[in-house]
file final04.txt (compact mmCIF, C-alpha atoms and all ligand atoms)
# COMPACT_ATOMS: atom_id res chain seq x y z
CA MET M 905 -35.36 20.03 17.21
CA PRO M 906 -38.63 21.71 16.21
CA PHE M 907 -40.91 19.76 13.90
CA GLU M 908 -41.17 22.73 11.56
CA PRO M 909 -39.48 23.74 8.33
CA PRO M 910 -36.66 24.51 7.72
CA CYS M 911 -35.53 22.15 10.52
CA PHE M 912 -38.01 19.38 9.78
CA ALA M 913 -38.82 17.45 6.64
CA PRO M 914 -40.75 14.14 6.80
CA GLN M 915 -38.20 12.64 4.42
CA PHE M 916 -35.66 12.78 7.23
CA PHE M 917 -37.55 10.03 9.05
CA PHE M 918 -39.03 7.80 6.35
CA ASP M 919 -36.34 7.02 3.80
CA PRO M 920 -37.18 3.45 2.68
CA ASP M 921 -33.55 2.37 2.25
CA VAL M 922 -32.49 3.71 5.64
CA LEU M 923 -35.54 2.19 7.34
CA SER M 924 -34.88 -1.15 5.71
CA ILE M 925 -31.32 -1.20 7.11
CA VAL M 926 -32.45 -0.06 10.55
CA ARG M 927 -35.22 -2.68 10.60
CA GLY M 928 -32.69 -5.30 9.51
CA LEU M 929 -30.48 -4.36 12.47
CA MET M 930 -33.38 -4.52 14.94
CA ASP M 931 -36.84 -5.66 13.87
CA ASP M 932 -39.79 -4.44 11.83
CA SER M 933 -41.33 -2.80 14.84
CA ILE M 934 -39.10 0.24 15.32
CA VAL M 935 -39.92 3.83 16.16
CA ALA M 936 -38.02 7.10 15.96
CA ASP M 937 -38.26 8.69 19.42
CA GLN M 938 -35.54 11.36 19.62
CA TRP M 939 -33.75 13.65 17.22
CA GLY M 940 -31.39 16.57 17.26
CA CYS M 941 -28.80 18.52 15.31
CA ASP M 942 -25.19 19.21 16.26
CA VAL M 943 -23.84 22.42 14.73
CA PRO M 944 -20.19 23.06 15.64
CA LEU M 945 -18.84 26.43 14.53
CA ARG M 946 -15.33 27.61 13.75
CA GLY M 947 -13.38 27.39 16.97
CA SER M 948 -15.08 24.21 18.16
CA GLU M 949 -12.77 21.72 19.82
CA TYR M 950 -12.43 17.96 20.05
CA GLN M 951 -15.29 16.54 22.11
CA GLY M 952 -14.34 14.06 24.78
CA LEU M 953 -14.76 10.47 23.68
CA HIS M 954 -18.24 9.38 24.67
CA VAL M 955 -21.12 7.04 23.98
CA ASP M 956 -24.81 7.94 23.73
CA TYR M 957 -27.74 6.46 25.62
CA GLN M 958 -25.83 3.80 27.50
CA ARG M 959 -28.38 2.80 30.11
CA PRO M 960 -27.96 -0.92 30.59
CA LEU M 961 -31.25 -2.80 30.57
CA PHE M 962 -29.92 -4.80 33.50
CA PRO M 963 -27.72 -2.51 35.64
CA GLU M 964 -26.39 -5.51 37.55
CA LEU M 965 -24.89 -6.77 34.27
CA PRO M 966 -23.73 -3.59 32.49
CA ASP M 967 -21.49 -5.40 30.03
CA LEU M 968 -24.03 -8.04 29.04
CA PHE M 969 -23.86 -8.38 25.27
CA LEU M 970 -27.35 -8.02 23.84
CA PRO M 971 -28.85 -7.65 20.38
CA VAL M 972 -29.14 -4.05 19.21
CA TYR M 973 -32.14 -2.13 20.49
CA VAL M 974 -31.03 1.46 19.72
CA VAL M 975 -29.59 2.69 16.41
CA VAL M 976 -28.59 6.22 15.48
CA VAL M 977 -28.88 7.63 11.96
CA SER M 978 -27.05 10.83 11.02
CA PHE M 979 -26.69 12.95 7.90
CA GLY M 980 -25.24 16.34 7.11
CA LEU M 981 -27.30 19.32 5.98
CA VAL M 982 -24.08 20.53 4.34
CA PRO M 983 -21.21 18.47 2.91
CA ILE M 984 -18.94 17.57 5.84
CA ALA M 985 -15.29 17.34 4.85
CA VAL M 986 -12.34 16.91 7.20
CA GLU M 987 -11.99 20.69 7.68
CA HIS M 988 -15.62 20.94 8.86
CA GLY M 989 -14.96 18.61 11.80
CA PRO M 990 -16.63 15.30 11.01
CA ILE M 991 -17.60 12.84 13.70
CA GLU M 992 -14.93 10.25 14.53
CA ILE M 993 -15.85 6.75 15.67
CA ALA M 994 -13.86 3.92 17.24
CA PRO M 995 -15.20 0.89 15.35
CA GLY M 996 -16.15 -2.16 17.39
CA THR M 997 -15.96 -0.42 20.77
CA HIS M 998 -19.71 -0.89 21.34
CA ARG M 999 -18.88 -4.53 22.10
CA MET M 1000 -16.14 -3.77 24.62
CA PRO M 1001 -16.24 -2.82 28.30
CA ARG M 1002 -15.65 0.95 28.46
CA ALA M 1003 -12.27 0.81 30.22
CA ASP M 1004 -10.95 -1.72 27.66
CA ALA M 1005 -12.27 0.39 24.78
CA LEU M 1006 -10.59 3.56 26.07
CA ARG M 1007 -7.32 1.71 26.64
CA ALA M 1008 -7.47 0.15 23.16
CA ILE M 1009 -7.79 3.64 21.66
CA GLU M 1010 -5.01 5.01 23.83
CA VAL M 1011 -2.56 2.29 22.81
CA GLU M 1012 -3.78 2.52 19.20
CA GLU M 1013 -5.12 -1.02 19.02
CA VAL M 1014 -8.30 0.67 17.77
CA ALA M 1015 -7.98 3.68 15.46
CA MET M 1016 -10.48 6.54 15.49
CA GLN M 1017 -12.17 6.64 12.10
CA SER M 1018 -13.19 10.00 10.64
CA ILE M 1019 -16.54 9.98 8.82
CA PRO M 1020 -16.76 12.78 6.23
CA LEU M 1021 -20.22 12.90 4.68
CA GLU M 1022 -21.39 14.15 1.30
CA ILE M 1023 -24.95 15.38 0.92
CA GLY M 1024 -27.03 12.22 0.62
CA ASP M 1025 -24.64 10.10 2.69
CA VAL M 1026 -26.09 8.54 5.83
CA LEU M 1027 -24.17 7.32 8.85
CA ILE M 1028 -25.88 4.48 10.73
CA ARG M 1029 -24.12 3.68 13.99
CA HIS M 1030 -24.45 1.88 17.28
CA PRO M 1031 -24.62 4.64 19.90
CA TRP M 1032 -22.39 2.68 22.28
CA ALA M 1033 -19.37 2.90 19.96
CA LEU M 1034 -17.05 5.57 21.39
CA HIS M 1035 -17.10 8.71 19.26
CA ARG M 1036 -16.42 12.44 19.30
CA GLY M 1037 -16.95 15.58 17.24
CA THR M 1038 -13.79 17.18 15.83
CA PRO M 1039 -12.88 20.86 15.30
CA ASN M 1040 -14.61 22.82 12.58
CA THR M 1041 -11.91 25.06 11.08
CA THR M 1042 -14.20 26.74 8.51
CA ASP M 1043 -16.90 29.40 8.55
CA THR M 1044 -19.51 26.85 7.44
CA LEU M 1045 -22.05 25.83 10.08
CA ARG M 1046 -21.50 22.09 10.23
CA ALA M 1047 -25.04 20.77 10.77
CA LEU M 1048 -25.36 17.05 11.47
CA VAL M 1049 -28.91 15.79 12.04
CA THR M 1050 -29.25 12.67 14.16
CA ILE M 1051 -32.35 10.54 14.59
CA ARG M 1052 -32.62 7.78 17.16
CA TYR M 1053 -34.56 4.62 16.28
CA VAL M 1054 -35.42 2.10 18.97
CA ARG M 1055 -37.24 -1.19 19.21
CA ARG M 1056 -40.83 -0.28 20.05
CA TRP M 1057 -40.67 -1.69 23.57
CA TYR M 1058 -37.64 0.44 24.52
CA ALA M 1059 -37.96 3.89 26.10
CA ASP M 1060 -35.63 5.88 28.31
CA GLU M 1061 -36.72 9.51 27.84
CA SER M 1062 -33.06 10.41 28.20
CA ARG M 1063 -33.39 13.67 26.27
CA ASP M 1064 -36.08 16.32 25.93
CA VAL M 1065 -37.93 16.22 22.64
CA GLN M 1066 -40.19 18.88 21.19
CA ALA M 1067 -43.81 18.11 20.42
CA MET M 1068 -45.12 18.02 16.87
CA SER M 1069 -48.26 19.90 15.96
CA HIS M 1070 -51.52 18.02 15.63
CA ALA M 1071 -51.77 19.29 12.04
CA LEU M 1072 -48.42 17.74 11.16
CA TRP M 1073 -49.39 14.46 12.83
CA GLU M 1074 -52.64 14.39 10.83
CA SER M 1075 -50.73 15.00 7.60
CA LEU M 1076 -48.73 11.78 8.04
CA THR M 1077 -49.83 8.41 6.71
CA ALA M 1078 -50.80 5.66 9.16
CA ASP M 1079 -47.53 3.90 8.33
CA GLN M 1080 -45.52 7.02 9.05
CA GLN M 1081 -47.40 7.64 12.30
CA SER M 1082 -46.64 4.11 13.45
CA GLY M 1083 -42.92 4.79 12.95
CA LEU M 1084 -42.82 7.83 15.25
CA ARG M 1085 -43.13 8.23 19.02
CA PHE M 1086 -43.13 11.94 19.84
CA PRO M 1087 -45.50 14.09 21.89
CA ILE M 1088 -48.26 15.77 19.91
CA ARG M 1089 -49.28 19.37 20.59
CA ARG M 1090 -53.02 20.03 20.54
O1 LIG X 1 -21.54 16.22 15.86
C1 LIG X 1 -20.66 15.38 16.05
O2 LIG X 1 -19.67 15.27 15.34
C2 LIG X 1 -20.74 14.47 17.22
C3 LIG X 1 -22.12 14.32 17.69
C4 LIG X 1 -22.19 13.42 18.87
O3 LIG X 1 -21.27 13.19 19.56
C5 LIG X 1 -23.44 12.80 19.18
O4 LIG X 1 -24.40 12.96 18.42
O5 LIG X 1 -23.48 12.09 20.18
call {"tool": "encode", "arguments": {"input": "final04.txt", "output": "structure tokens"}}
result
Amino acid sequence: MPFEPPCFAPQFFFDPDVLSIVRGLMDDSIVADQWGCDVPLRGSEYQGLHVDYQRPLFPELPDLFLPVYVVVVSFGLVPIAVEHGPIEIAPGTHRMPRADALRAIEVEEVAMQSIPLEIGDVLIRHPWALHRGTPNTTDTLRALVTIRYVRRWYADESRDVQAMSHALWESLTADQQSGLRFPIRR
């Protein structure tokens, strides 16, 4: 996503209530390091069930249960009702081996949960919980912004991010700067 209006507003990244929850889930030393926007249109279909950013810290122990070090925060730029194709999540599956999680959904031990969002609602989720986008059956562009927050020591550069301008960087407070890790364009 470009760090320019109308896509970007600093408020997206620095809401004190959201940051307090995200810090509570990880620690005080978190940074936002990726962001994007999913915009399904009329005619979109069910996504395949998937997780985001699952790169085990220790590949030899992929199912090792660890404290959270990546959290994803999403909000709609329009109200997202069922007909707009909200994200669906399988609660608790971030703590299950993938094959078990998929089987649990298939045999309906775990139900997919649809997450409609009003303007002002925020979805905070573990990216390893299985999820999918659902069909948008309206003519409204269903824009869902997602920001990734990580513990400061974690980096995987798993997705391309756009640089922010030096002028924008300079306009941020020291506190705000310390909460971001994005390239800066000179
Ligand atoms: O836009 C959606 O509903 C799903 C988005 C998604 O799957 C993701 O952000 O990983």
call {"tool": "residues_around", "arguments": {"input": "final04.txt", "residues": "Ser1069 of chain M", "least_positions_apart": "2", "cutoff": "8 Å", "atoms": "only C-alpha atoms", "output": "list in words"}}
result
Phe907, Ala1067, Ala1071, Leu1072, Trp1073, Ile1088, Arg1089 and Arg1090 of chain M
call {"tool": "residues_around", "arguments": {"input": "final04.txt", "residues": "Gln1081 of chain M", "least_positions_apart": "3", "cutoff": "12 Å", "atoms": "all atoms listed in the file", "output": "PyMOL selection string"}}
result
chain M and resi 914+917-918+934-937+1068+1070+1072-1078+1084-1088
call {"tool": "atom_distance", "arguments": {"input": "final04.txt", "atom1": "atom CA of Ala1003 of chain M", "atom2": "atom CA of Trp1032 of chain M"}}
result
13.0 Å
call {"tool": "closest_residue", "arguments": {"input": "final04.txt", "among": "M:Arg959, M:Ile984, M:Leu1006, M:Leu953", "to": "Tyr1058 of chain M", "atoms": "only C-alpha atoms"}}
result
M:Arg959
call {"tool": "atom_distance", "arguments": {"input": "final04.txt", "atom1": "atom CA of Pro944 of chain M", "atom2": "atom CA of Ala1047 of chain M"}}
result
7.2 Å
call {"tool": "residues_around", "arguments": {"input": "final04.txt", "residues": "Cys941 of chain M", "least_positions_apart": "5", "cutoff": "9 Å", "atoms": "all atoms listed in the file", "output": "list in words"}}
result
Met905, Ser978, Ala1047, Leu1048, Val1049, Thr1050 and Ile1051 of chain M
call {"tool": "axis_aligned_box", "arguments": {"input": "final04.txt", "around": "ligand LIG 1 (chain X)", "padding_each_side": "5 Å", "output": "JSON"}}
result
{"center_x": -22.0, "center_y": 14.2, "center_z": 17.8, "size_x": 14.7, "size_y": 14.1, "size_z": 14.8}
call {"tool": "atom_distance", "arguments": {"input": "final04.txt", "atom1": "atom CA of Tyr950 of chain M", "atom2": "atom CA of Pro910 of chain M"}}
result
28.0 Å
call {"tool": "residues_near_ligand", "arguments": {"input": "final04.txt", "ligand": "ligand LIG 1 (chain X)", "cutoff": "6 Å", "atoms": "all atoms listed in the file", "output": "ChimeraX atom specification"}}
result
/M:942,956,990-991,1036-1037,1048
call {"tool": "residues_near_point", "arguments": {"input": "final04.txt", "point": "(-34.4, -10.9, 19.4)", "cutoff": "12 Å", "atoms": "all atoms listed in the file", "output": "list in words"}}
result
Gly928, Leu929, Met930, Asp931, Asp932, Ser933, Leu970, Pro971, Val972, Tyr973, Arg1055 and Trp1057 of chain M
call {"tool": "closest_residue", "arguments": {"input": "final04.txt", "among": "M:Gln1017, M:Thr997, M:Gln938, M:Thr1041", "to": "Asp1064 of chain M", "atoms": "all atoms listed in the file"}}
result
M:Gln938
call {"tool": "closest_residue", "arguments": {"input": "final04.txt", "among": "M:Leu1045, M:Val974, M:Leu1034, M:Val926", "to": "Asp1004 of chain M", "atoms": "all atoms listed in the file"}}
result
M:Leu1034
